[in-house]
Each structure stands twice: as C-alpha cells, then as structure tokens.
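File shown: coords00.pdb (PDB, C-alpha atoms and all ligand atoms).
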```pdb
MODEL        1
ATOM      1  CA  MET K   1       6.844  18.114 -11.512  1.00  0.00           C
ATOM      2  CA  LEU K   2       4.809  17.925 -14.702  1.00  0.00           C
ATOM      3  CA  SER K   3       3.160  14.734 -13.616  1.00  0.00           C
ATOM      4  CA  SER K   4       2.011  16.407 -10.401  1.00  0.00           C
ATOM      5  CA  MET K   5       0.551  19.254 -12.406  1.00  0.00           C
ATOM      6  CA  LYS K   6      -1.383  16.785 -14.468  1.00  0.00           C
ATOM      7  CA  GLN K   7      -2.951  15.265 -11.371  1.00  0.00           C
ATOM      8  CA  LEU K   8      -4.178  18.696 -10.308  1.00  0.00           C
ATOM      9  CA  LYS K   9      -7.032  18.435 -12.750  1.00  0.00           C
ATOM     10  CA  ASP K  10      -8.549  15.718 -10.623  1.00  0.00           C
ATOM     11  CA  LEU K  11      -8.378  17.787  -7.473  1.00  0.00           C
ATOM     12  CA  THR K  12     -10.878  20.333  -6.281  1.00  0.00           C
ATOM     13  CA  GLY K  13     -11.085  23.009  -3.615  1.00  0.00           C
ATOM     14  CA  ARG K  14      -8.775  22.619  -0.686  1.00  0.00           C
ATOM     15  CA  ASP K  15      -7.047  19.554  -2.086  1.00  0.00           C
ATOM     16  CA  TYR K  16      -6.168  21.566  -5.140  1.00  0.00           C
ATOM     17  CA  LYS K  17      -4.827  24.465  -3.062  1.00  0.00           C
ATOM     18  CA  ARG K  18      -2.817  22.136  -0.860  1.00  0.00           C
ATOM     19  CA  GLU K  19      -1.248  20.534  -3.878  1.00  0.00           C
ATOM     20  CA  ILE K  20      -0.368  23.957  -5.278  1.00  0.00           C
ATOM     21  CA  ILE K  21       1.344  24.767  -1.978  1.00  0.00           C
ATOM     22  CA  ARG K  22       3.245  21.483  -2.044  1.00  0.00           C
ATOM     23  CA  ILE K  23       4.498  22.223  -5.523  1.00  0.00           C
ATOM     24  CA  TYR K  24       5.383  25.781  -4.529  1.00  0.00           C
ATOM     25  CA  PHE K  25       7.641  24.421  -1.800  1.00  0.00           C
ATOM     26  CA  ASN K  26       8.987  21.729  -4.115  1.00  0.00           C
ATOM     27  CA  HIS K  27       7.607  18.975  -1.897  1.00  0.00           C
ATOM     28  CA  THR K  28      10.315  19.836   0.608  1.00  0.00           C
ATOM     29  CA  CYS K  29       9.882  20.077   4.370  1.00  0.00           C
ATOM     30  CA  GLN K  30      10.645  23.665   5.351  1.00  0.00           C
ATOM     31  CA  LYS K  31      11.916  22.593   8.749  1.00  0.00           C
ATOM     32  CA  CYS K  32      14.241  19.660   8.218  1.00  0.00           C
ATOM     33  CA  GLY K  33      14.642  19.831   4.454  1.00  0.00           C
ATOM     34  CA  LYS K  34      13.295  16.377   3.833  1.00  0.00           C
ATOM     35  CA  VAL K  35      12.029  15.884   0.317  1.00  0.00           C
ATOM     36  CA  TRP K  36       8.781  14.039  -0.167  1.00  0.00           C
ATOM     37  CA  ASP K  37       9.246  10.411  -1.014  1.00  0.00           C
ATOM     38  CA  LYS K  38       6.500   9.483  -3.432  1.00  0.00           C
ATOM     39  CA  LYS K  39       6.034   6.167  -1.703  1.00  0.00           C
ATOM     40  CA  SER K  40       5.227   7.861   1.586  1.00  0.00           C
ATOM     41  CA  ARG K  41       2.365  10.104   2.623  1.00  0.00           C
ATOM     42  CA  ARG K  42       2.305  13.613   1.296  1.00  0.00           C
ATOM     43  CA  LEU K  43       3.814  16.454   3.255  1.00  0.00           C
ATOM     44  CA  ASP K  44       1.527  18.504   5.456  1.00  0.00           C
ATOM     45  CA  VAL K  45       0.513  22.050   4.692  1.00  0.00           C
ATOM     46  CA  HIS K  46       0.801  24.044   7.889  1.00  0.00           C
ATOM     47  CA  HIS K  47      -0.789  27.422   8.506  1.00  0.00           C
ATOM     48  CA  ILE K  48       1.472  29.779  10.385  1.00  0.00           C
ATOM     49  CA  ASN K  49       0.415  31.962  13.313  1.00  0.00           C
ATOM     50  CA  GLN K  50      -3.125  30.818  13.707  1.00  0.00           C
ATOM     51  CA  GLY K  51      -2.760  29.496  17.219  1.00  0.00           C
ATOM     52  CA  ASN K  52      -5.295  26.875  18.005  1.00  0.00           C
ATOM     53  CA  LYS K  53      -7.824  28.375  15.675  1.00  0.00           C
ATOM     54  CA  MET K  54      -8.411  25.897  12.953  1.00  0.00           C
ATOM     55  CA  THR K  55      -9.405  27.889   9.937  1.00  0.00           C
ATOM     56  CA  ASN K  56      -9.700  26.260   6.616  1.00  0.00           C
ATOM     57  CA  LYS K  57     -10.093  29.153   4.294  1.00  0.00           C
ATOM     58  CA  TYR K  58      -8.912  27.731   1.064  1.00  0.00           C
ATOM     59  CA  ASP K  59     -11.311  29.756  -1.026  1.00  0.00           C
ATOM     60  CA  LYS K  60      -9.039  32.780  -1.142  1.00  0.00           C
ATOM     61  CA  ASP K  61      -5.759  33.056  -2.952  1.00  0.00           C
ATOM     62  CA  VAL K  62      -2.980  31.320  -1.139  1.00  0.00           C
ATOM     63  CA  ASP K  63      -0.761  33.607   0.913  1.00  0.00           C
ATOM     64  CA  TYR K  64       2.562  31.854   0.804  1.00  0.00           C
ATOM     65  CA  ASN K  65       3.795  33.903   3.745  1.00  0.00           C
ATOM     66  CA  LYS K  66       1.223  32.262   5.945  1.00  0.00           C
ATOM     67  CA  VAL K  67       1.693  28.677   4.982  1.00  0.00           C
ATOM     68  CA  THR K  68       4.591  26.322   5.101  1.00  0.00           C
ATOM     69  CA  LEU K  69       5.213  22.747   4.194  1.00  0.00           C
ATOM     70  CA  LEU K  70       6.260  20.227   6.795  1.00  0.00           C
ATOM     71  CA  CYS K  71       6.891  16.532   6.793  1.00  0.00           C
ATOM     72  CA  HIS K  72       4.611  14.511   9.000  1.00  0.00           C
ATOM     73  CA  LYS K  73       7.233  14.194  11.715  1.00  0.00           C
ATOM     74  CA  CYS K  74       8.019  17.912  11.943  1.00  0.00           C
ATOM     75  CA  HIS K  75       4.342  18.746  11.841  1.00  0.00           C
ATOM     76  CA  LEU K  76       3.611  16.493  14.795  1.00  0.00           C
ATOM     77  CA  ASN K  77       6.515  17.966  16.714  1.00  0.00           C
ATOM     78  CA  LEU K  78       5.241  21.515  16.498  1.00  0.00           C
ATOM     79  CA  PRO K  79       4.406  22.798  20.007  1.00  0.00           C
ATOM     80  CA  GLU K  80       1.159  24.407  18.868  1.00  0.00           C
ATOM     81  CA  HIS K  81       0.167  21.233  17.164  1.00  0.00           C
ATOM     82  CA  ARG K  82       0.768  19.238  20.309  1.00  0.00           C
ATOM     83  CA  ASN K  83      -1.325  21.676  22.299  1.00  0.00           C
ATOM     84  CA  ALA K  84      -4.091  21.409  19.797  1.00  0.00           C
ATOM     85  CA  MET K  85      -3.941  17.657  20.049  1.00  0.00           C
ATOM     86  CA  THR K  86      -4.227  17.539  23.823  1.00  0.00           C
ATOM     87  CA  GLY K  87      -6.721  20.377  23.910  1.00  0.00           C
ATOM     88  CA  GLU K  88      -4.985  22.147  26.735  1.00  0.00           C
ATOM     89  CA  ARG K  89      -2.068  24.427  27.302  1.00  0.00           C
ATOM     90  CA  VAL K  90       0.997  22.410  28.055  1.00  0.00           C
ATOM     91  CA  SER K  91       4.138  24.188  29.048  1.00  0.00           C
ATOM     92  CA  ILE K  92       6.870  22.961  26.825  1.00  0.00           C
ATOM     93  CA  HIS K  93      10.469  23.435  27.696  1.00  0.00           C
ATOM     94  CA  SER K  94      11.970  23.678  24.298  1.00  0.00           C
ATOM     95  CA  HIS K  95      15.622  23.754  23.360  1.00  0.00           C
TER      96      HIS K  95
HETATM   97 ZN    ZN V   1      10.575  17.703   8.439  1.00  0.00          ZN
ENDMDL
END
```
Show me, as structure tokens, the structure contained in the file I just sent.
Amino acid sequence: MLSSMKQLKDLTGRDYKREIIRIYFNHTCQKCGKVWDKKSRRLDVHHINQGNKMTNKYDKDVDYNKVTLLCHKCHLNLPEHRNAMTGERVSIHSH
C-alpha cells in the first residue's frame, strides 16, 4: 500500500483521483471480490447512477457513495456499460 502511495506523486488530476479511489477500495472488485493482480491492468473506477451520461468531474472531492471499483470483466458486464457501448437501448434479460 505504501508503494502505491509513493506513486501518487507522479499522478495528476483524474489519474490521481482514480488511484485514490482504488486505494480506498483496497484494489478489490466490489462485485466479484477479485483483488487486483499487479501484473494485470488496473481495476476500473465506475461511477454509479449516471446512466449514459459520461461525466468526468474529478475536480471535486470524491464522493465514495457514487463510485465503485470493478475489475475489467465486471465492468464490461454491466448492463449500462453495454448500452453505452452499443449506443442504443438494448433490452437485457438479466438473471
Ligand atoms: Zn469483478
């Protein structure tokens, strides 16, 4: 954990905030519980309840109730993420 804090000095703006969020969630996927493997890509910071609106307001303080941390796989599997990817409303029969 200390080594990640050290790297923060090299980060600015949104990268810095994202890294703070990753540390806050202990580099653990909040959906499947997978812990970040340092050899793999970093976990994704996901903004909750923003629909398809892509806002990137990282200038304010982080509201940890509105963000979560997901591994790449869980992030891609999110219904709203899929919709955003295809650009249209797709009815998804989940569960
Ligand atoms: Zn996951």
Sorted by chain and rising residue number, list the residues of chain K at most 6 Å from ligand ZN 1 (chain V) (counting all atoms listed in the file), each with its closest atom pair and distance in Å to one decimal, as a Markdown table.
```
| residue | atom | partner | partner_atom | distance |
| --- | --- | --- | --- | --- |
| K:Cys29 | CA | V:ZN1 | ZN | 4.8 |
| K:Lys31 | CA | V:ZN1 | ZN | 5.1 |
| K:Cys32 | CA | V:ZN1 | ZN | 4.2 |
| K:Lys34 | CA | V:ZN1 | ZN | 5.5 |
| K:Leu70 | CA | V:ZN1 | ZN | 5.3 |
| K:Cys71 | CA | V:ZN1 | ZN | 4.2 |
| K:Lys73 | CA | V:ZN1 | ZN | 5.8 |
| K:Cys74 | CA | V:ZN1 | ZN | 4.3 |
```
| task | Could you tell me which residues the PyMOL selection byres (((chain K and resi 18) around 12) and not hetatm) returns for this structure, as an MDAnalysis selection string? | result | chainID K and resid 8 11:17 19:25 27 42:47 56:59 61:64 67:69
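Here atom CA of Gln30 of chain K and atom CA of Leu76 of chain K stand 13.8 Å from one another.
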Taking every listed atom of segment 26-43 of chain K and adding 6 Å to each side, what centre and edge lengths in Å (one decimal) does the axis-aligned box have, as JSON?
```
{"center_x": 8.5, "center_y": 14.9, "center_z": 2.3, "size_x": 24.3, "size_y": 29.5, "size_z": 24.9}
```
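Our summary of the geometry notes that atom CA of Trp36 of chain K is positioned 23.0 Å from atom CA of Glu80 of chain K.
From atom CA of His72 of chain K back to atom CA of Thr28 of chain K, the distance works out to 11.5 Å.
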